[in-house]
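Undergrad: Have a look at the structure that comes next, please.
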Amino acid sequence: LVGGIAIMQDDDSEAAEILLTSRPSIHTVLFAETPVSGEYRTRGFQVLAGVPVTATECTEYGMRLKIDLEAAYFSARLANERQRLVSLIQEGERVCVMFAGVGPFAIALAEKAGIVIAGDINPGAVLLMEENIRLNRRHNVIPMLADACHLGGFLTAGSFDRIIMNLPMSPVPFFETAVSLVRPGGTIHLYAMQENEGEYREMIEAYPCTITGERQVRSYSAAQHHAVYDITRTGE
């Protein structure tokens, strides 16, 4: 469930109609026709029942978020992980969210951060993020249409206390940029899909970094799980 939309794993119109009538809060039932793919991390949907839309609004720990599932990736299953980071952040921190999407990490962290730079390469995601920033009155979030690989070219090296790398399918090409942007003693949260614990440890420790924690965020498939590495940048 994402807001008023239910996403089914099977292309079953009859079951979709039953689901629609049994839950008054649902306005649309979708079937995901494609996996998350492409540069913009989007997927295709088929409307099985209800209003023929892929857009909805959801509430998460007091945040209101406008979402379009076909225009930009969003996972409601990361709500608890977002709140974990809110509990870790110190008042006034400078934060960079490298793959901000429609803004859930950025807007949640802005409650305590001094400033949040929130970038994404998907124009549709950035438009929704701008709307969500206004909706939640987060005046300290700066949205950016940007390729994360190029952030190091126009953001000051070592100027951030915390970096959020929430692109679990392919974090490796962006890790060097994250290390360059975070200050010594600062924190990087790297999200990754992996089959076994510690798969990214060797890559991370090739940089001036120490892993302070690794945990499973959620199961993804029979073979893989979504993990997060909490990393401290060492050195001067």
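Chain labels run A, B, ... following the order of the structure tokens; each chain numbers its residues from 1, and ligands are numbered from 1 in the order shown.
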With only C-alpha atoms as the counted atoms, please give the residues lying no more than 9 Å from Pro104 in chain A, apart from itself and same-chain residues fewer than 2 positions off, as a list in words.

TA: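 Returned residues: Glu60, Met63, Leu65, Phe74, Ala79, Arg82, Ala100, Gly101, Val102, Ala106, Ile107, Ala108, Leu109, Met129 and Asn132 of chain A.
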
Undergrad: Could you save those same residues with all heavy atoms as a short mmCIF file (atom, residue, chain, number, x, y, z; two decimals), in the first residue's frame?

TA:
```cif
data_model
loop_
_atom_site.label_atom_id
_atom_site.label_comp_id
_atom_site.auth_asym_id
_atom_site.auth_seq_id
_atom_site.Cartn_x
_atom_site.Cartn_y
_atom_site.Cartn_z
N GLU A 60 3.52 9.96 6.37
CA GLU A 60 4.56 9.14 6.99
C GLU A 60 5.14 9.89 8.18
O GLU A 60 5.81 10.92 8.00
CB GLU A 60 5.65 8.82 5.97
CG GLU A 60 6.80 8.00 6.51
CD GLU A 60 7.87 7.76 5.46
OE1 GLU A 60 7.55 7.17 4.42
OE2 GLU A 60 9.03 8.18 5.68
N MET A 63 4.76 13.54 7.99
CA MET A 63 5.04 14.14 6.68
C MET A 63 3.90 13.83 5.71
O MET A 63 3.35 12.75 5.73
CB MET A 63 6.32 13.56 6.06
CG MET A 63 7.61 13.96 6.67
SD MET A 63 9.00 13.41 5.61
CE MET A 63 8.83 11.62 5.67
N LEU A 65 3.35 13.49 1.67
CA LEU A 65 4.15 13.33 0.47
C LEU A 65 3.27 13.05 -0.74
O LEU A 65 2.47 12.11 -0.74
CB LEU A 65 5.15 12.17 0.63
CG LEU A 65 6.21 12.32 1.74
CD1 LEU A 65 6.93 11.00 1.94
CD2 LEU A 65 7.18 13.43 1.39
N PHE A 74 9.48 5.41 -5.18
CA PHE A 74 9.20 5.68 -3.78
C PHE A 74 8.92 4.35 -3.09
O PHE A 74 8.21 3.50 -3.62
CB PHE A 74 7.97 6.59 -3.62
CG PHE A 74 7.56 6.79 -2.18
CD1 PHE A 74 8.25 7.67 -1.36
CD2 PHE A 74 6.52 6.05 -1.62
CE1 PHE A 74 7.89 7.85 -0.03
CE2 PHE A 74 6.15 6.21 -0.30
CZ PHE A 74 6.84 7.11 0.50
N ALA A 79 10.13 3.74 5.69
CA ALA A 79 9.70 4.75 6.65
C ALA A 79 10.44 4.63 7.98
O ALA A 79 10.91 5.62 8.54
CB ALA A 79 8.19 4.66 6.87
N ARG A 82 14.05 5.79 7.68
CA ARG A 82 14.15 7.26 7.68
C ARG A 82 14.10 7.80 9.10
O ARG A 82 14.84 8.72 9.46
CB ARG A 82 13.05 7.85 6.80
CG ARG A 82 13.30 7.63 5.31
CD ARG A 82 12.32 8.40 4.47
NE ARG A 82 11.14 7.65 4.12
CZ ARG A 82 11.01 6.84 3.06
NH1 ARG A 82 12.04 6.66 2.24
NH2 ARG A 82 9.88 6.22 2.79
N ALA A 100 17.66 11.82 -3.98
CA ALA A 100 16.59 12.28 -3.08
C ALA A 100 15.19 11.84 -3.50
O ALA A 100 14.28 11.83 -2.68
CB ALA A 100 16.63 13.80 -2.97
N GLY A 101 14.98 11.51 -4.77
CA GLY A 101 13.64 11.13 -5.21
C GLY A 101 12.62 12.23 -4.96
O GLY A 101 12.90 13.40 -5.22
N VAL A 102 11.48 11.87 -4.41
CA VAL A 102 10.43 12.86 -4.14
C VAL A 102 10.65 13.57 -2.80
O VAL A 102 9.84 14.37 -2.38
CB VAL A 102 9.02 12.23 -4.20
CG1 VAL A 102 8.77 11.59 -5.57
CG2 VAL A 102 8.80 11.23 -3.08
N ALA A 106 15.11 13.64 2.71
CA ALA A 106 15.49 15.04 2.89
C ALA A 106 14.52 15.77 3.81
O ALA A 106 14.92 16.51 4.71
CB ALA A 106 15.56 15.73 1.54
N ILE A 107 13.23 15.58 3.59
CA ILE A 107 12.22 16.30 4.37
C ILE A 107 12.19 15.80 5.81
O ILE A 107 12.05 16.58 6.75
CB ILE A 107 10.84 16.16 3.69
CG1 ILE A 107 10.84 16.94 2.37
CG2 ILE A 107 9.72 16.65 4.60
CD1 ILE A 107 9.69 16.64 1.46
N ALA A 108 12.36 14.49 6.01
CA ALA A 108 12.40 13.95 7.37
C ALA A 108 13.61 14.49 8.14
O ALA A 108 13.49 14.94 9.29
CB ALA A 108 12.44 12.42 7.33
N LEU A 109 14.79 14.50 7.50
CA LEU A 109 16.01 14.93 8.18
C LEU A 109 16.04 16.43 8.40
O LEU A 109 16.72 16.92 9.32
CB LEU A 109 17.23 14.49 7.38
CG LEU A 109 17.44 12.97 7.29
CD1 LEU A 109 18.57 12.63 6.33
CD2 LEU A 109 17.72 12.37 8.65
N MET A 129 9.44 16.58 -5.49
CA MET A 129 10.16 16.97 -4.27
C MET A 129 9.93 18.43 -3.94
O MET A 129 9.70 18.79 -2.78
CB MET A 129 11.65 16.68 -4.43
CG MET A 129 12.48 17.16 -3.25
SD MET A 129 14.17 16.53 -3.16
CE MET A 129 14.76 16.78 -4.82
N ASN A 132 6.64 18.73 -2.39
CA ASN A 132 6.62 18.18 -1.03
C ASN A 132 7.35 19.06 -0.03
O ASN A 132 6.96 19.14 1.14
CB ASN A 132 7.22 16.77 -1.04
CG ASN A 132 6.31 15.77 -1.74
OD1 ASN A 132 5.09 15.91 -1.70
ND2 ASN A 132 6.88 14.77 -2.38
#
```

Undergrad: Report as an MDAnalysis selection string: the residues of range 121-226 of chain A with a DSSP assignment of strand (DSSP E), based on the backbone of this structure.

TA: chainID A and resid 141:145 160:165 182:194 209:219 225:226

Undergrad: For CA of Ala192 in chain A and CA of Asp11 in chain A, quote the distance in Å rounded to one decimal.

TA: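 Taking CA of Ala192 in chain A and CA of Asp11 in chain A, their separation equals 28.9 Å.
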
Undergrad: Can you work out the spacing between CA of Ile133 in chain A and CA of Arg64 in chain A in Å, to one decimal?

TA: 9.5 Å

Undergrad: Which is closer to Val116 in chain A than all the others in A:Thr42, A:Thr54, A:Ser13, A:Ser159, using only C-alpha atoms?

TA: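 The shortest atom-to-atom distance to Val116 in chain A comes from A:Ser159.
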
Undergrad: Name all residues at most 12 Å from range 196-202 of chain A (count only C-alpha atoms; drop same-chain ones fewer than 5 positions away) and give them as a VMD selection string.

TA: chain A and resid 168 170 to 172 175 190 to 191 207 to 216 219 222 to 231

Undergrad: Between CA of Glu57 in chain A and CA of Arg138 in chain A, measure the distance and give it in Å to one decimal.

TA: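 Value for the CA of Glu57 in chain A-CA of Arg138 in chain A distance: 17.4 Å.
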
Undergrad: Just list as a PyMOL selection string whatever in range 35-117 of chain A DSSP marks as helix (DSSP H, G or I).

TA: chain A and resi 76-88+104-109

Undergrad: Based on the selection just made, write N, CA, C and O atoms of those residues as a PDB file, in the first residue's frame.

TA:
```pdb
ATOM      1  N   ALA A  76       7.477   3.008   0.561  1.00  0.00           N
ATOM      2  CA  ALA A  76       6.915   3.251   1.893  1.00  0.00           C
ATOM      3  C   ALA A  76       7.562   2.346   2.930  1.00  0.00           C
ATOM      4  O   ALA A  76       7.514   2.638   4.136  1.00  0.00           O
ATOM      5  N   ARG A  77       8.209   1.274   2.499  1.00  0.00           N
ATOM      6  CA  ARG A  77       8.804   0.305   3.418  1.00  0.00           C
ATOM      7  C   ARG A  77      10.077   0.840   4.087  1.00  0.00           C
ATOM      8  O   ARG A  77      10.624   0.205   4.975  1.00  0.00           O
ATOM      9  N   LEU A  78      10.548   2.005   3.654  1.00  0.00           N
ATOM     10  CA  LEU A  78      11.735   2.599   4.264  1.00  0.00           C
ATOM     11  C   LEU A  78      11.391   3.645   5.324  1.00  0.00           C
ATOM     12  O   LEU A  78      12.269   4.357   5.810  1.00  0.00           O
ATOM     13  N   ALA A  79      10.131   3.736   5.692  1.00  0.00           N
ATOM     14  CA  ALA A  79       9.697   4.755   6.653  1.00  0.00           C
ATOM     15  C   ALA A  79      10.436   4.626   7.976  1.00  0.00           C
ATOM     16  O   ALA A  79      10.911   5.624   8.540  1.00  0.00           O
ATOM     17  N   ASN A  80      10.564   3.408   8.505  1.00  0.00           N
ATOM     18  CA  ASN A  80      11.250   3.226   9.783  1.00  0.00           C
ATOM     19  C   ASN A  80      12.733   3.547   9.676  1.00  0.00           C
ATOM     20  O   ASN A  80      13.337   4.069  10.616  1.00  0.00           O
ATOM     21  N   GLU A  81      13.336   3.246   8.528  1.00  0.00           N
ATOM     22  CA  GLU A  81      14.748   3.562   8.332  1.00  0.00           C
ATOM     23  C   GLU A  81      14.957   5.075   8.298  1.00  0.00           C
ATOM     24  O   GLU A  81      15.940   5.587   8.853  1.00  0.00           O
ATOM     25  N   ARG A  82      14.047   5.788   7.684  1.00  0.00           N
ATOM     26  CA  ARG A  82      14.151   7.256   7.681  1.00  0.00           C
ATOM     27  C   ARG A  82      14.096   7.801   9.096  1.00  0.00           C
ATOM     28  O   ARG A  82      14.843   8.719   9.464  1.00  0.00           O
ATOM     29  N   GLN A  83      13.230   7.230   9.920  1.00  0.00           N
ATOM     30  CA  GLN A  83      13.138   7.692  11.302  1.00  0.00           C
ATOM     31  C   GLN A  83      14.370   7.302  12.115  1.00  0.00           C
ATOM     32  O   GLN A  83      14.759   8.020  13.044  1.00  0.00           O
ATOM     33  N   ARG A  84      15.006   6.194  11.771  1.00  0.00           N
ATOM     34  CA  ARG A  84      16.256   5.837  12.448  1.00  0.00           C
ATOM     35  C   ARG A  84      17.306   6.911  12.212  1.00  0.00           C
ATOM     36  O   ARG A  84      18.021   7.316  13.140  1.00  0.00           O
ATOM     37  N   LEU A  85      17.395   7.399  10.975  1.00  0.00           N
ATOM     38  CA  LEU A  85      18.373   8.444  10.678  1.00  0.00           C
ATOM     39  C   LEU A  85      18.016   9.753  11.385  1.00  0.00           C
ATOM     40  O   LEU A  85      18.910  10.469  11.841  1.00  0.00           O
ATOM     41  N   VAL A  86      16.737  10.057  11.472  1.00  0.00           N
ATOM     42  CA  VAL A  86      16.314  11.257  12.218  1.00  0.00           C
ATOM     43  C   VAL A  86      16.789  11.167  13.664  1.00  0.00           C
ATOM     44  O   VAL A  86      17.228  12.157  14.259  1.00  0.00           O
ATOM     45  N   SER A  87      16.743   9.969  14.245  1.00  0.00           N
ATOM     46  CA  SER A  87      17.176   9.797  15.639  1.00  0.00           C
ATOM     47  C   SER A  87      18.684   9.937  15.793  1.00  0.00           C
ATOM     48  O   SER A  87      19.171  10.227  16.893  1.00  0.00           O
ATOM     49  N   LEU A  88      19.451   9.735  14.715  1.00  0.00           N
ATOM     50  CA  LEU A  88      20.911   9.809  14.778  1.00  0.00           C
ATOM     51  C   LEU A  88      21.459  11.212  14.543  1.00  0.00           C
ATOM     52  O   LEU A  88      22.527  11.566  15.043  1.00  0.00           O
ATOM     53  N   PRO A 104      11.547  12.092   0.588  1.00  0.00           N
ATOM     54  CA  PRO A 104      11.211  11.615   1.934  1.00  0.00           C
ATOM     55  C   PRO A 104      12.362  11.660   2.931  1.00  0.00           C
ATOM     56  O   PRO A 104      12.174  12.058   4.078  1.00  0.00           O
ATOM     57  N   PHE A 105      13.582  11.266   2.511  1.00  0.00           N
ATOM     58  CA  PHE A 105      14.729  11.342   3.422  1.00  0.00           C
ATOM     59  C   PHE A 105      15.042  12.803   3.735  1.00  0.00           C
ATOM     60  O   PHE A 105      15.254  13.173   4.899  1.00  0.00           O
ATOM     61  N   ALA A 106      15.115  13.637   2.708  1.00  0.00           N
ATOM     62  CA  ALA A 106      15.492  15.041   2.890  1.00  0.00           C
ATOM     63  C   ALA A 106      14.516  15.774   3.806  1.00  0.00           C
ATOM     64  O   ALA A 106      14.920  16.513   4.712  1.00  0.00           O
ATOM     65  N   ILE A 107      13.229  15.583   3.588  1.00  0.00           N
ATOM     66  CA  ILE A 107      12.218  16.296   4.368  1.00  0.00           C
ATOM     67  C   ILE A 107      12.193  15.797   5.813  1.00  0.00           C
ATOM     68  O   ILE A 107      12.053  16.582   6.747  1.00  0.00           O
ATOM     69  N   ALA A 108      12.362  14.488   6.012  1.00  0.00           N
ATOM     70  CA  ALA A 108      12.398  13.945   7.373  1.00  0.00           C
ATOM     71  C   ALA A 108      13.605  14.490   8.141  1.00  0.00           C
ATOM     72  O   ALA A 108      13.486  14.938   9.286  1.00  0.00           O
ATOM     73  N   LEU A 109      14.788  14.496   7.503  1.00  0.00           N
ATOM     74  CA  LEU A 109      16.011  14.926   8.180  1.00  0.00           C
ATOM     75  C   LEU A 109      16.043  16.433   8.405  1.00  0.00           C
ATOM     76  O   LEU A 109      16.716  16.920   9.323  1.00  0.00           O
TER      77      LEU A 109
END
```

Undergrad: Might you pull out every residue within 7 Å of Asp161 in chain A, with only C-alpha atoms counted and same-chain residues fewer than 5 positions away left off, and present them as a ChimeraX atom specification?

TA: /A:93-95,182-183,186-187

Undergrad: Gly124 in chain A: which residues within 12 Å, counting only C-alpha atoms, same-chain residues fewer than 6 positions away excluded, as a list in words?

TA: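 Listed by chain and then number, they are Tyr40, Arg41, Thr42, Lys66, Ile67, Asp68, Leu69, Glu70, Ala71, Ala72, Tyr73, Ala100, Gly101, Val102, Gly103, Glu130, Glu131, Met144 and Leu145 of chain A.
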
Undergrad: For each of A:Tyr220, A:Pro173, A:Pro184, A:Glu205, take the minimum atom-to-atom distance to Thr234 in chain A, counting only C-alpha atoms, then give the residue where this is smallest.

TA: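 Smallest separation from Thr234 in chain A among the options: A:Pro184.
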